[in-house]
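final-v3.pdb follows; it contains PDB, C-alpha atoms.
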```
ATOM      1  CA  ASP A 155     155.983 162.872  45.680
ATOM      2  CA  THR A 156     158.316 160.251  44.222
ATOM      3  CA  ALA A 157     158.575 160.733  40.464
ATOM      4  CA  VAL A 158     159.753 157.226  39.537
ATOM      5  CA  SER A 159     159.260 154.473  42.076
ATOM      6  CA  GLN A 160     160.297 150.839  42.090
ATOM      7  CA  THR A 161     159.394 147.901  44.263
ATOM      8  CA  PRO A 162     160.958 146.056  45.874
ATOM      9  CA  LYS A 163     164.156 147.871  46.774
ATOM     10  CA  TYR A 164     165.930 144.611  47.588
ATOM     11  CA  LEU A 165     165.193 141.155  46.213
ATOM     12  CA  VAL A 166     167.037 138.027  47.325
ATOM     13  CA  THR A 167     166.054 134.752  45.709
ATOM     14  CA  GLN A 168     167.249 131.317  44.716
ATOM     15  CA  MET A 169     168.462 130.275  41.296
ATOM     16  CA  GLY A 170     165.668 129.025  39.074
ATOM     17  CA  ASN A 171     162.933 131.149  40.662
ATOM     18  CA  ASP A 172     160.714 133.618  38.805
ATOM     19  CA  LYS A 173     160.469 137.166  40.116
ATOM     20  CA  SER A 174     159.008 140.538  39.160
ATOM     21  CA  ILE A 175     160.060 144.128  39.722
ATOM     22  CA  LYS A 176     157.467 146.874  39.479
ATOM     23  CA  CYS A 177     157.967 150.425  38.274
ATOM     24  CA  GLU A 178     155.603 153.384  38.286
ATOM     25  CA  GLN A 179     156.074 156.988  37.212
ATOM     26  CA  ASN A 180     153.772 159.893  38.033
ATOM     27  CA  LEU A 181     155.402 162.391  35.663
ATOM     28  CA  GLY A 182     152.989 161.839  32.817
ATOM     29  CA  HIS A 183     155.838 160.658  30.598
ATOM     30  CA  ASP A 184     155.269 158.619  27.454
ATOM     31  CA  THR A 185     158.415 156.514  27.595
ATOM     32  CA  MET A 186     159.805 154.151  30.213
ATOM     33  CA  TYR A 187     163.027 152.181  30.375
ATOM     34  CA  TRP A 188     164.769 149.383  32.204
ATOM     35  CA  TYR A 189     168.515 149.533  32.794
ATOM     36  CA  LYS A 190     170.879 147.021  34.365
ATOM     37  CA  GLN A 191     173.861 148.124  36.447
ATOM     38  CA  ASP A 192     176.378 145.333  36.816
ATOM     39  CA  SER A 193     178.919 144.705  39.561
ATOM     40  CA  LYS A 194     181.342 147.092  37.869
ATOM     41  CA  LYS A 195     178.703 149.822  38.086
ATOM     42  CA  PHE A 196     178.233 149.958  34.301
ATOM     43  CA  LEU A 197     174.706 150.987  33.285
ATOM     44  CA  LYS A 198     173.214 149.495  30.164
ATOM     45  CA  ILE A 199     169.797 149.810  28.543
ATOM     46  CA  MET A 200     167.656 146.674  28.483
ATOM     47  CA  PHE A 201     164.246 147.798  27.241
ATOM     48  CA  SER A 202     162.413 150.915  26.216
ATOM     49  CA  TYR A 203     158.628 151.322  25.962
ATOM     50  CA  ASN A 204     156.781 154.217  24.360
ATOM     51  CA  ASN A 205     153.044 154.465  24.986
ATOM     52  CA  LYS A 206     152.978 150.841  26.093
ATOM     53  CA  GLU A 207     154.795 149.619  22.969
ATOM     54  CA  LEU A 208     158.250 148.103  22.918
ATOM     55  CA  ILE A 209     160.722 150.243  20.960
ATOM     56  CA  ILE A 210     164.099 149.000  22.174
ATOM     57  CA  ASN A 211     165.023 145.489  23.127
ATOM     58  CA  GLU A 212     168.744 145.145  23.588
ATOM     59  CA  THR A 213     170.468 141.798  23.627
ATOM     60  CA  VAL A 214     168.756 140.475  26.708
ATOM     61  CA  PRO A 215     167.892 136.809  27.372
ATOM     62  CA  ASN A 216     164.253 136.077  26.670
ATOM     63  CA  ARG A 217     163.934 135.082  30.313
ATOM     64  CA  PHE A 218     163.459 138.817  30.814
ATOM     65  CA  SER A 219     160.039 140.069  29.780
ATOM     66  CA  PRO A 220     158.838 143.625  30.291
ATOM     67  CA  LYS A 221     155.140 144.309  30.612
ATOM     68  CA  SER A 222     153.488 147.707  30.364
ATOM     69  CA  PRO A 223     149.832 147.647  31.479
ATOM     70  CA  ASP A 224     149.584 151.403  30.952
ATOM     71  CA  LYS A 225     151.805 154.401  30.234
ATOM     72  CA  ALA A 226     152.626 154.920  33.900
ATOM     73  CA  HIS A 227     153.809 151.393  34.628
ATOM     74  CA  LEU A 228     156.560 149.159  33.282
ATOM     75  CA  ASN A 229     157.149 145.911  35.125
ATOM     76  CA  LEU A 230     160.033 143.515  34.606
ATOM     77  CA  HIS A 231     159.482 139.780  34.894
ATOM     78  CA  ILE A 232     162.457 137.461  35.112
ATOM     79  CA  ASN A 233     162.059 133.711  34.707
ATOM     80  CA  SER A 234     164.477 130.980  35.742
ATOM     81  CA  LEU A 235     166.831 133.344  37.541
ATOM     82  CA  GLU A 236     170.558 132.743  37.164
ATOM     83  CA  LEU A 237     173.537 133.819  39.268
ATOM     84  CA  GLY A 238     174.578 136.259  36.542
ATOM     85  CA  ASP A 239     171.295 138.123  36.863
ATOM     86  CA  SER A 240     172.475 139.581  40.156
ATOM     87  CA  ALA A 241     172.677 143.330  39.607
ATOM     88  CA  VAL A 242     170.884 146.572  40.311
ATOM     89  CA  TYR A 243     167.961 147.211  37.988
ATOM     90  CA  PHE A 244     166.872 150.786  37.358
ATOM     91  CA  CYS A 245     163.649 151.999  35.886
ATOM     92  CA  ALA A 246     163.549 155.396  34.181
ATOM     93  CA  SER A 247     161.128 157.567  32.263
ATOM     94  CA  SER A 248     161.222 160.466  29.827
ATOM     95  CA  GLN A 249     158.711 162.593  27.993
ATOM     96  CA  ASP A 250     159.706 161.394  24.554
ATOM     97  CA  SER A 251     161.601 158.549  22.989
ATOM     98  CA  GLY A 252     162.581 160.045  19.702
ATOM     99  CA  SER A 253     164.775 162.813  18.481
ATOM    100  CA  ALA A 254     163.668 165.423  20.967
ATOM    101  CA  THR A 255     166.796 167.199  22.093
ATOM    102  CA  TYR A 256     165.289 167.917  25.452
ATOM    103  CA  ASN A 257     164.659 164.329  26.444
ATOM    104  CA  GLU A 258     165.671 164.253  30.085
ATOM    105  CA  GLN A 259     165.479 160.891  31.781
ATOM    106  CA  PHE A 260     164.466 160.465  35.392
ATOM    107  CA  PHE A 261     165.523 157.375  37.294
ATOM    108  CA  GLY A 262     163.996 155.309  40.043
ATOM    109  CA  PRO A 263     165.950 154.329  43.189
ATOM    110  CA  GLY A 264     166.878 150.914  41.826
ATOM    111  CA  THR A 265     166.189 147.314  42.827
ATOM    112  CA  ARG A 266     169.149 145.297  44.039
ATOM    113  CA  LEU A 267     168.614 141.700  42.910
ATOM    114  CA  THR A 268     170.725 138.975  44.491
ATOM    115  CA  VAL A 269     170.465 135.450  43.126
ATOM    116  CA  LEU A 270     171.863 132.747  45.411
TER     117      LEU A 270
ATOM    118  CA  LYS B 292     178.085 151.888  18.030
ATOM    119  CA  GLN B 293     178.257 154.765  20.490
ATOM    120  CA  GLU B 294     180.892 154.506  23.203
ATOM    121  CA  VAL B 295     181.237 156.886  26.113
ATOM    122  CA  THR B 296     184.462 157.236  28.091
ATOM    123  CA  GLN B 297     184.952 159.093  31.335
ATOM    124  CA  ILE B 298     188.329 160.141  32.664
ATOM    125  CA  PRO B 299     189.521 159.885  35.360
ATOM    126  CA  ALA B 300     187.812 156.822  36.840
ATOM    127  CA  ALA B 301     188.397 158.214  40.322
ATOM    128  CA  LEU B 302     189.391 161.578  41.695
ATOM    129  CA  SER B 303     190.192 162.761  45.201
ATOM    130  CA  VAL B 304     190.438 166.479  45.973
ATOM    131  CA  PRO B 305     190.576 168.632  49.099
ATOM    132  CA  GLU B 306     187.497 170.638  49.988
ATOM    133  CA  GLY B 307     187.263 174.001  48.278
ATOM    134  CA  GLU B 308     189.049 173.023  45.084
ATOM    135  CA  ASN B 309     187.575 173.537  41.658
ATOM    136  CA  LEU B 310     187.588 170.416  39.519
ATOM    137  CA  VAL B 311     186.797 169.154  36.040
ATOM    138  CA  LEU B 312     185.377 165.804  35.029
ATOM    139  CA  ASN B 313     185.783 164.689  31.444
ATOM    140  CA  CYS B 314     183.513 162.757  29.111
ATOM    141  CA  SER B 315     184.119 161.759  25.502
ATOM    142  CA  PHE B 316     181.898 159.992  22.990
ATOM    143  CA  THR B 317     182.657 158.359  19.663
ATOM    144  CA  ASP B 318     179.586 159.269  17.591
ATOM    145  CA  SER B 319     178.941 163.013  17.411
ATOM    146  CA  ALA B 320     175.386 162.499  16.095
ATOM    147  CA  ILE B 321     173.758 163.025  19.453
ATOM    148  CA  TYR B 322     170.576 164.835  20.485
ATOM    149  CA  ASN B 323     171.730 165.679  23.978
ATOM    150  CA  LEU B 324     174.151 164.853  26.759
ATOM    151  CA  GLN B 325     173.134 164.376  30.356
ATOM    152  CA  TRP B 326     175.234 164.423  33.539
ATOM    153  CA  PHE B 327     174.026 162.393  36.501
ATOM    154  CA  ARG B 328     175.115 161.915  40.053
ATOM    155  CA  GLN B 329     174.869 158.554  41.819
ATOM    156  CA  ASP B 330     175.331 158.206  45.563
ATOM    157  CA  PRO B 331     176.279 154.763  46.964
ATOM    158  CA  GLY B 332     173.289 152.444  47.007
ATOM    159  CA  LYS B 333     171.064 155.092  45.475
ATOM    160  CA  GLY B 334     169.507 155.896  42.133
ATOM    161  CA  LEU B 335     170.641 158.463  39.614
ATOM    162  CA  THR B 336     169.971 162.152  40.009
ATOM    163  CA  SER B 337     169.959 164.245  36.863
ATOM    164  CA  LEU B 338     172.281 167.236  37.221
ATOM    165  CA  LEU B 339     172.379 168.917  33.841
ATOM    166  CA  LEU B 340     171.172 168.264  30.320
ATOM    167  CA  ILE B 341     172.820 169.953  27.347
ATOM    168  CA  GLN B 342     170.938 169.898  24.075
ATOM    169  CA  SER B 343     172.955 169.275  20.924
ATOM    170  CA  SER B 344     172.568 172.912  19.849
ATOM    171  CA  GLN B 345     173.869 174.256  23.155
ATOM    172  CA  ARG B 346     177.442 174.816  24.285
ATOM    173  CA  GLU B 347     176.950 174.823  28.024
ATOM    174  CA  GLN B 348     174.520 174.652  30.917
ATOM    175  CA  THR B 349     174.883 175.913  34.454
ATOM    176  CA  SER B 350     173.216 174.972  37.708
ATOM    177  CA  GLY B 351     174.570 176.489  40.890
ATOM    178  CA  ARG B 352     178.209 175.459  41.281
ATOM    179  CA  LEU B 353     178.002 173.116  38.303
ATOM    180  CA  ASN B 354     178.799 174.012  34.724
ATOM    181  CA  ALA B 355     178.689 171.521  31.884
ATOM    182  CA  SER B 356     180.070 172.196  28.436
ATOM    183  CA  LEU B 357     179.558 170.357  25.174
ATOM    184  CA  ASP B 358     181.737 170.287  22.071
ATOM    185  CA  LYS B 359     179.745 168.014  19.812
ATOM    186  CA  SER B 360     182.109 168.110  16.867
ATOM    187  CA  SER B 361     185.028 166.842  18.926
ATOM    188  CA  GLY B 362     182.880 164.453  20.961
ATOM    189  CA  ARG B 363     183.688 165.972  24.340
ATOM    190  CA  SER B 364     181.942 167.291  27.416
ATOM    191  CA  THR B 365     183.233 168.549  30.721
ATOM    192  CA  LEU B 366     181.561 168.986  34.081
ATOM    193  CA  TYR B 367     183.091 171.764  36.127
ATOM    194  CA  ILE B 368     182.417 171.808  39.868
ATOM    195  CA  ALA B 369     183.356 175.005  41.672
ATOM    196  CA  ALA B 370     184.377 175.210  45.323
ATOM    197  CA  SER B 371     183.915 171.486  45.957
ATOM    198  CA  GLN B 372     182.303 170.301  49.194
ATOM    199  CA  PRO B 373     182.324 166.923  50.961
ATOM    200  CA  GLY B 374     178.665 166.577  49.994
ATOM    201  CA  ASP B 375     179.740 166.509  46.350
ATOM    202  CA  SER B 376     181.336 163.090  46.924
ATOM    203  CA  ALA B 377     179.575 160.656  44.604
ATOM    204  CA  THR B 378     179.957 158.943  41.252
ATOM    205  CA  TYR B 379     179.309 161.231  38.300
ATOM    206  CA  LEU B 380     177.956 159.650  35.139
ATOM    207  CA  CYS B 381     177.872 161.083  31.653
ATOM    208  CA  ALA B 382     175.308 159.773  29.160
ATOM    209  CA  VAL B 383     174.483 160.650  25.555
ATOM    210  CA  TRP B 384     171.127 160.388  23.825
ATOM    211  CA  GLY B 385     171.791 159.433  20.229
ATOM    212  CA  GLY B 386     170.218 158.324  17.011
ATOM    213  CA  SER B 387     169.462 154.869  18.338
ATOM    214  CA  TYR B 388     166.990 156.455  20.783
ATOM    215  CA  GLN B 389     168.771 155.182  23.816
ATOM    216  CA  LEU B 390     170.915 156.662  26.536
ATOM    217  CA  THR B 391     174.489 155.378  26.428
ATOM    218  CA  PHE B 392     176.420 155.745  29.654
ATOM    219  CA  GLY B 393     180.062 156.082  30.545
ATOM    220  CA  LYS B 394     181.459 154.106  33.467
ATOM    221  CA  GLY B 395     181.559 157.147  35.711
ATOM    222  CA  THR B 396     184.056 159.138  37.732
ATOM    223  CA  LYS B 397     184.089 158.469  41.460
ATOM    224  CA  LEU B 398     184.716 161.763  43.235
ATOM    225  CA  SER B 399     185.884 162.052  46.829
ATOM    226  CA  VAL B 400     186.082 165.503  48.396
ATOM    227  CA  ILE B 401     188.238 165.435  51.505
ATOM    228  CA  PRO B 402     187.251 167.796  54.347
TER     229      PRO B 402
END
```

Represent the structure contained in this file as structure tokens.
Amino acid sequence: DTAVSQTPKYLVTQMGNDKSIKCEQNLGHDTMYWYKQDSKKFLKIMFSYNNKELIINETVPNRFSPKSPDKAHLNLHINSLELGDSAVYFCASSQDSGSATYNEQFFGPGTRLTVL
Amino acid sequence: KQEVTQIPAALSVPEGENLVLNCSFTDSAIYNLQWFRQDPGKGLTSLLLIQSSQREQTSGRLNASLDKSSGRSTLYIAASQPGDSATYLCAVWGGSYQLTFGKGTKLSVIP
């Protein structure tokens, strides 16, 4: 039943490791997103994909690489993890990415990443 | 660059009170505004979406208004309940095709 799902829910790892977070949506949406919520609870867009193509890439270190094998999946790979990468990462999806005024976004439950 | 501000940052009210949460944004060229609820350790739940051509939306005890020209939105919660305790986030969908969030208002409803 889950509309947007993410795995894992919690991820604890050492500095310097490489890790991936998976996201899947079963809403039939064309656009998927990754957001980062920092320790102050501020949510900020990282990436946006429309029909498997990157359309937004905010100022994010190139250690972060999104991969979209198909419209329903958007995975986030993080190389050489740093302490400052500790945060909650949210995946989201919406029907459209453009100027549609009814462009409601649906969020996954989040992945809490802790880098030690 | 779009900036979204939410006031107050935290609010504590006794059960049964009506309350208003405020959201303001700097660039009025938006397509829509969305209100979310976030419970501790959980994801975001979409509450209401107001399209740029609309003035308000209602869902149950929630009513959201939008004044695009002045860059303001309010979320009105009637007859608050302890279960309403959460962080409420306002976000605008603008010309840069991304959702810009405020920092949220943490609401506590005291039984």

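Using all atoms listed in the file, the smallest distance between any of A:Lys163, A:Lys176, A:His183, A:Lys194 and Gly393 (chain B) comes from A:Lys194.
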
Could you list as a tab-separated table (two decimals) with C-alpha atoms, in the coordinates of the input every residue that has an atom within 9 Å of (163.5, 153.6, 42.3), using the file's coordinates and counting only C-alpha atoms?
```
chain	number	residue	atom	x	y	z
A	156	THR	CA	158.32	160.25	44.22
A	157	ALA	CA	158.57	160.73	40.46
A	158	VAL	CA	159.75	157.23	39.54
A	159	SER	CA	159.26	154.47	42.08
A	160	GLN	CA	160.30	150.84	42.09
A	161	THR	CA	159.39	147.90	44.26
A	162	PRO	CA	160.96	146.06	45.87
A	163	LYS	CA	164.16	147.87	46.77
A	177	CYS	CA	157.97	150.43	38.27
A	178	GLU	CA	155.60	153.38	38.29
A	243	TYR	CA	167.96	147.21	37.99
A	244	PHE	CA	166.87	150.79	37.36
A	245	CYS	CA	163.65	152.00	35.89
A	246	ALA	CA	163.55	155.40	34.18
A	261	PHE	CA	165.52	157.38	37.29
A	262	GLY	CA	164.00	155.31	40.04
A	263	PRO	CA	165.95	154.33	43.19
A	264	GLY	CA	166.88	150.91	41.83
A	265	THR	CA	166.19	147.31	42.83
B	333	LYS	CA	171.06	155.09	45.48
B	334	GLY	CA	169.51	155.90	42.13
```

The PyMOL selection byres ((chain A) within 12 of (chain B)) applied to the shown file, residues as an MDAnalysis selection string: chainID A and resid 157:160 163:164 185:204 209:212 241:248 250:266

Distance query Gly182 (chain A) at most 9 Å, only C-alpha atoms, self and fewer than 2 positions along chain excluded, as a PyMOL selection string: chain A and resi 179-180+184+225-226+248-249

Cut-off 7 Å around (163.4, 128.7, 33.5) with all atoms listed in the file: residues as a VMD selection string: chain A and resid 170 233 to 234
